[in-house]
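Peer 1: See entry24.pdb below, with PDB, C-alpha atoms.
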ATOM      1  CA  MET A   1     111.391  82.695 106.285
ATOM      2  CA  ASN A   2     110.962  85.489 108.798
ATOM      3  CA  LYS A   3     107.456  86.461 109.822
ATOM      4  CA  GLU A   4     106.998  90.218 110.076
ATOM      5  CA  ILE A   5     104.921  91.633 112.938
ATOM      6  CA  GLU A   6     104.631  95.365 112.491
ATOM      7  CA  ARG A   7     102.489  98.326 113.435
ATOM      8  CA  LYS A   8     102.423 101.606 111.572
ATOM      9  CA  PHE A   9     101.739 105.071 112.984
ATOM     10  CA  ALA A  10     101.529 108.704 112.030
ATOM     11  CA  ILE A  11     103.908 111.154 113.713
ATOM     12  CA  LYS A  12     102.486 113.761 116.065
ATOM     13  CA  TYR A  13     105.696 115.732 116.514
ATOM     14  CA  TRP A  14     109.459 115.297 116.335
ATOM     15  CA  PRO A  15     110.829 114.986 119.886
ATOM     16  CA  GLU A  16     113.845 116.966 121.058
ATOM     17  CA  ASN A  17     117.107 115.128 121.657
ATOM     18  CA  ILE A  18     116.039 111.924 120.034
ATOM     19  CA  LYS A  19     118.892 109.675 118.895
ATOM     20  CA  ILE A  20     119.046 108.795 115.205
ATOM     21  CA  GLU A  21     120.690 105.434 114.710
ATOM     22  CA  LYS A  22     120.988 105.510 110.934
ATOM     23  CA  VAL A  23     119.617 107.044 107.748
ATOM     24  CA  GLU A  24     118.917 104.993 104.620
ATOM     25  CA  GLN A  25     118.080 106.206 101.125
ATOM     26  CA  ILE A  26     115.719 103.694  99.543
ATOM     27  CA  GLU A  27     114.329 103.169  96.075
ATOM     28  CA  GLN A  28     112.093 100.187  95.561
ATOM     29  CA  ALA A  29     109.565  98.646  93.244
ATOM     30  CA  PHE A  30     107.657  95.411  92.960
ATOM     31  CA  LEU A  31     108.195  93.005  90.106
ATOM     32  CA  TYR A  32     105.193  90.852  90.907
ATOM     33  CA  ALA A  33     102.247  90.771  93.299
ATOM     34  CA  ASP A  34      99.202  88.581  93.798
ATOM     35  CA  ALA A  35      96.977  87.769  96.771
ATOM     36  CA  ASN A  36      99.644  85.639  98.466
ATOM     37  CA  THR A  37     103.041  86.745  97.246
ATOM     38  CA  ASN A  38     104.988  89.785  96.185
ATOM     39  CA  ILE A  39     108.515  90.203  94.879
ATOM     40  CA  ARG A  40     110.337  93.410  95.742
ATOM     41  CA  ILE A  41     113.559  94.902  94.459
ATOM     42  CA  ARG A  42     115.265  97.546  96.496
ATOM     43  CA  ARG A  43     118.257  99.836  96.197
ATOM     44  CA  MET A  44     119.446 101.008  99.595
ATOM     45  CA  GLN A  45     122.209 103.468 100.417
ATOM     46  CA  VAL A  46     123.617 103.987 103.907
ATOM     47  CA  LYS A  47     126.459 106.520 103.833
ATOM     48  CA  ASP A  48     128.951 105.081 101.304
ATOM     49  CA  LYS A  49     127.526 101.572 101.280
ATOM     50  CA  LEU A  50     125.146 100.601  98.492
ATOM     51  CA  GLU A  51     122.993  97.471  98.530
ATOM     52  CA  TYR A  52     120.688  95.866  95.980
ATOM     53  CA  ILE A  53     118.166  93.517  97.565
ATOM     54  CA  TYR A  54     115.715  91.072  96.007
ATOM     55  CA  THR A  55     113.029  89.872  98.426
ATOM     56  CA  VAL A  56     110.071  87.519  98.214
ATOM     57  CA  LYS A  57     107.224  88.040 100.703
ATOM     58  CA  THR A  58     104.495  85.490 101.016
ATOM     59  CA  LYS A  59     101.587  85.607 103.498
ATOM     60  CA  GLY A  60     103.515  87.593 106.132
ATOM     61  CA  ASP A  61     106.758  85.651 105.723
ATOM     62  CA  THR A  62     109.821  87.222 104.145
ATOM     63  CA  LEU A  63     112.529  85.409 102.248
ATOM     64  CA  LEU A  64     115.651  87.327 101.318
ATOM     65  CA  VAL A  65     116.588  85.875  97.984
ATOM     66  CA  ALA A  66     119.624  87.911  96.977
ATOM     67  CA  LYS A  67     121.665  90.855  98.160
ATOM     68  CA  HIS A  68     124.590  92.593  96.514
ATOM     69  CA  SER A  69     126.652  95.166  98.386
ATOM     70  CA  ARG A  70     129.327  97.550  97.317
ATOM     71  CA  ASN A  71     131.202 100.429  98.904
TER      72      ASN A  71
ATOM     73  CA  MET B   1      94.224  88.556  90.378
ATOM     74  CA  THR B   2      97.810  89.544  89.633
ATOM     75  CA  LYS B   3      98.869  93.162  89.596
ATOM     76  CA  LYS B   4     101.310  94.837  87.339
ATOM     77  CA  ILE B   5     103.358  97.148  89.519
ATOM     78  CA  THR B   6     104.698 100.207  87.813
ATOM     79  CA  ASN B   7     105.529 102.849  90.414
ATOM     80  CA  LYS B   8     108.918 103.218  91.986
ATOM     81  CA  ILE B   9     108.842 104.397  95.584
ATOM     82  CA  THR B  10     111.616 106.681  96.768
ATOM     83  CA  LYS B  11     112.029 107.367 100.467
ATOM     84  CA  THR B  12     114.432 108.216 103.216
ATOM     85  CA  ARG B  13     114.314 105.921 106.211
ATOM     86  CA  ILE B  14     115.402 107.204 109.606
ATOM     87  CA  VAL B  15     115.925 104.542 112.270
ATOM     88  CA  VAL B  16     115.384 105.573 115.886
ATOM     89  CA  PRO B  17     115.777 103.288 118.930
ATOM     90  CA  ILE B  18     113.016 103.328 121.585
ATOM     91  CA  GLN B  19     112.153 101.291 124.667
ATOM     92  CA  ASN B  20     112.579  97.524 125.047
ATOM     93  CA  ASN B  21     115.178  97.267 122.261
ATOM     94  CA  LEU B  22     112.573  98.270 119.710
ATOM     95  CA  LYS B  23     113.241 100.551 116.779
ATOM     96  CA  VAL B  24     111.060 102.953 114.887
ATOM     97  CA  GLU B  25     111.600 103.244 111.162
ATOM     98  CA  ILE B  26     110.429 106.657 109.992
ATOM     99  CA  ASP B  27     109.854 106.796 106.250
ATOM    100  CA  VAL B  28     109.851 110.130 104.432
ATOM    101  CA  TYR B  29     108.396 109.709 100.947
ATOM    102  CA  TYR B  30     109.033 111.684  97.722
ATOM    103  CA  ASP B  31     107.662 112.149  94.195
ATOM    104  CA  TYR B  32     103.923 111.368  93.932
ATOM    105  CA  LEU B  33     103.924 110.502  97.668
ATOM    106  CA  GLN B  34     105.574 113.794  98.619
ATOM    107  CA  ASP B  35     105.086 114.710 102.318
ATOM    108  CA  PHE B  36     103.795 111.295 103.263
ATOM    109  CA  LEU B  37     105.376 110.255 106.536
ATOM    110  CA  THR B  38     105.045 106.999 108.478
ATOM    111  CA  ALA B  39     106.591 105.428 111.563
ATOM    112  CA  GLU B  40     106.789 101.675 111.674
ATOM    113  CA  VAL B  41     107.675  99.456 114.631
ATOM    114  CA  GLU B  42     108.635  95.830 114.115
ATOM    115  CA  PHE B  43     108.099  93.359 116.980
ATOM    116  CA  PRO B  44     109.681  89.988 117.765
ATOM    117  CA  ASN B  45     106.306  88.442 118.659
ATOM    118  CA  GLU B  46     102.535  89.084 118.669
ATOM    119  CA  GLU B  47     102.413  89.536 122.427
ATOM    120  CA  GLN B  48     104.864  92.400 122.418
ATOM    121  CA  ALA B  49     103.038  93.988 119.502
ATOM    122  CA  ALA B  50      99.710  93.850 121.366
ATOM    123  CA  GLN B  51     101.190  95.255 124.603
ATOM    124  CA  PHE B  52     103.150  98.038 122.941
ATOM    125  CA  LYS B  53     102.719 101.472 124.523
ATOM    126  CA  LYS B  54     103.728 103.955 121.900
ATOM    127  CA  PRO B  55     105.880 106.983 122.781
ATOM    128  CA  ASP B  56     103.979 110.257 122.954
ATOM    129  CA  TRP B  57     105.437 111.553 119.693
ATOM    130  CA  LEU B  58     103.797 108.784 117.679
ATOM    131  CA  GLY B  59     100.296 109.568 116.470
ATOM    132  CA  GLU B  60      97.344 107.453 115.510
ATOM    133  CA  GLU B  61      97.810 104.016 114.076
ATOM    134  CA  ILE B  62      97.682 103.814 110.291
ATOM    135  CA  GLY B  63      96.074 100.894 108.497
ATOM    136  CA  TYR B  64      99.064  98.678 107.828
ATOM    137  CA  LYS B  65      97.632  97.044 104.716
ATOM    138  CA  GLU B  66      95.935 100.177 103.448
ATOM    139  CA  PHE B  67      99.248 102.051 103.349
ATOM    140  CA  SER B  68     101.617  99.192 102.738
ATOM    141  CA  ASN B  69     104.401  99.906 100.251
ATOM    142  CA  LEU B  70     102.750  97.486  97.869
ATOM    143  CA  ARG B  71      99.487  99.452  97.983
ATOM    144  CA  LEU B  72     101.339 102.748  97.712
ATOM    145  CA  SER B  73     103.242 101.559  94.658
ATOM    146  CA  CYS B  74      99.936 100.733  92.955
ATOM    147  CA  MET B  75      98.408 104.141  93.622
ATOM    148  CA  LYS B  76      98.227 107.076  91.289
ATOM    149  CA  LYS B  77      98.837 110.519  92.730
ATOM    150  CA  GLU B  78      95.144 111.396  92.623
ATOM    151  CA  GLU B  79      94.178 108.279  94.569
ATOM    152  CA  PHE B  80      96.875 108.987  97.151
ATOM    153  CA  ARG B  81      95.673 112.588  97.549
ATOM    154  CA  ASN B  82      92.132 111.325  98.078
ATOM    155  CA  LYS B  83      93.297 109.002 100.842
ATOM    156  CA  VAL B  84      95.587 111.421 102.681
ATOM    157  CA  SER B  85      94.240 114.875 103.494
ATOM    158  CA  GLU B  86      95.986 118.162 102.771
ATOM    159  CA  GLU B  87      95.903 118.815 106.511
ATOM    160  CA  VAL B  88      97.929 115.684 107.241
ATOM    161  CA  LEU B  89     100.434 116.451 104.492
ATOM    162  CA  ASN B  90     100.881 120.032 105.750
ATOM    163  CA  HIS B  91     101.395 118.716 109.274
ATOM    164  CA  ASN B  92     103.987 116.266 107.977
ATOM    165  CA  LYS B  93     105.744 118.971 105.976
ATOM    166  CA  LYS B  94     106.645 120.805 109.200
ATOM    167  CA  ILE B  95     108.098 117.660 110.726
ATOM    168  CA  ILE B  96     110.037 116.889 107.553
ATOM    169  CA  GLU B  97     111.512 120.391 107.575
ATOM    170  CA  LYS B  98     112.796 119.760 111.098
ATOM    171  CA  LEU B  99     114.188 116.403 110.047
ATOM    172  CA  SER B 100     115.919 117.902 107.055
ATOM    173  CA  ILE B 101     117.833 120.274 109.298
ATOM    174  CA  LEU B 102     118.854 117.369 111.500
ATOM    175  CA  ILE B 103     120.003 114.993 108.817
ATOM    176  CA  LYS B 104     120.393 117.233 105.766
ATOM    177  CA  LEU B 105     117.610 115.534 103.868
ATOM    178  CA  ASP B 106     116.813 116.676 100.416
ATOM    179  CA  ILE B 107     113.152 117.581 100.881
ATOM    180  CA  SER B 108     112.547 118.764  97.385
ATOM    181  CA  ASN B 109     110.936 116.408  94.894
ATOM    182  CA  LYS B 110     113.343 113.683  93.870
TER     183      LYS B 110
END
Just give me the structure of the file as structure tokens.

Peer 2:
Amino acid sequence: MNKEIERKFAIKYWPENIKIEKVEQIEQAFLYADANTNIRIRRMQVKDKLEYIYTVKTKGDTLLVAKHSRN
Amino acid sequence: MTKKITNKITKTRIVVPIQNNLKVEIDVYYDYLQDFLTAEVEFPNEEQAAQFKKPDWLGEEIGYKEFSNLRLSCMKKEEFRNKVSEEVLNHNKKIIEKLSILIKLDISNK
């Protein structure tokens, strides 16, 4: 499992000349959640590549359970 | 207590590299979370997270758990609007308009 260490911020302004590495279109929902665990399903599109991802997160750790990709 | 999750979250994620091989994931939300905008940085360890000096264009830190995607997916529109002020959403709208020109986002409700 991978432990996630993240910080989240608001955006003050969009800087000039900033490089954009990639753009992803995401739809997601949760199938299950309790105090310790949640199960997320996600549809992610990057240009012509489409991925369906099923992820289990438990107490800060993330386990990728299944991923299906198609172009 | 288990929760039944019903809301689908739709967003555009823009990935931007910054210093020290870090990346910022900017999420632009739609539907009942329209004009919500967040920037998330993921760190390889706790030390780097604690020592992080954010670029000037990033604003105040948002409660990570309070606005996690899990929490957002449980919210109704009214609850979301009570948590995030009109002022913040209007501020975000201007940034999203700039972004949409850059990456041809669809900024209308999806």

Peer 1: Run the PyMOL selection byres ((chain A and resi 18-24) around 10) mentally over the shown coordinates, then write out the matched residues as JSON, numbers by chain, using the chain letters and numbers from the document.

Peer 2: {"A": [14, 15, 16, 17, 25, 26, 27, 43, 44, 45, 46, 47, 49, 50], "B": [11, 12, 13, 14, 15, 16, 17, 18, 23, 24, 25, 26, 27, 102, 103, 105]}

Peer 1: Evaluated on this file, the PyMOL selection byres ((chain B) within 8 of (chain A)) picks out some residues - which ones are they, written as a ChimeraX atom specification?

Peer 2: /B:1-17,37-46,49,56-64,70,73,92,95,98-99

Peer 1: Quick one: apply the PyMOL selection byres ((chain B and resi 32) around 9) to the file and drop the selected residues here as a ChimeraX atom specification.

Peer 2: /B:9,29-31,33-34,76-78,80,109

Peer 1: Calculate how many Å separate CA of Glu87 (chain B) from CA of Lys104 (chain B), rounding to one decimal.

Peer 2: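 Separating CA of Glu87 (chain B) from CA of Lys104 (chain B) is a distance of 24.6 Å.
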
Peer 1: Pick out the residues sitting within 8 Å of Val65 (chain A), and hand them over as a ChimeraX atom specification; count all atoms listed in the file, and ignore anything fewer than 3 positions along from it in its own chain.

Peer 2: /A:53-56

Peer 1: Mind writing the picked residues with C-alpha atoms as a PDB file, in the frame of the given file?

Peer 2:
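To be explicit, this is the file written out as selection03.pdb:
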ATOM      1  CA  ILE A  53     118.166  93.517  97.565  1.00  0.00           C
ATOM      2  CA  TYR A  54     115.715  91.072  96.007  1.00  0.00           C
ATOM      3  CA  THR A  55     113.029  89.872  98.426  1.00  0.00           C
ATOM      4  CA  VAL A  56     110.071  87.519  98.214  1.00  0.00           C
TER       5      VAL A  56
END

Peer 1: So for region 17-35 of chain A, what box centre and size do we get, axis-aligned, 5 Å extra on each of the six sides, every listed atom, Å to one decimal, as JSON?

Peer 2:
{"center_x": 109.0, "center_y": 101.4, "center_z": 105.9, "size_x": 34.0, "size_y": 37.4, "size_z": 41.6}

Peer 1: Could you tell me how far CA of Gln48 (chain B) sits from CA of Gln19 (chain B), in Å to one decimal place?

Peer 2: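 Calculated distance between CA of Gln19 (chain B) and CA of Gln48 (chain B) is 11.7 Å.
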
Peer 1: As an exercise, work out the distance from CA of Ala66 (chain A) to CA of Ser68 (chain B) in Å and give it to one decimal place.

Peer 2: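 Separation of CA of Ala66 (chain A) and CA of Ser68 (chain B): 22.0 Å.
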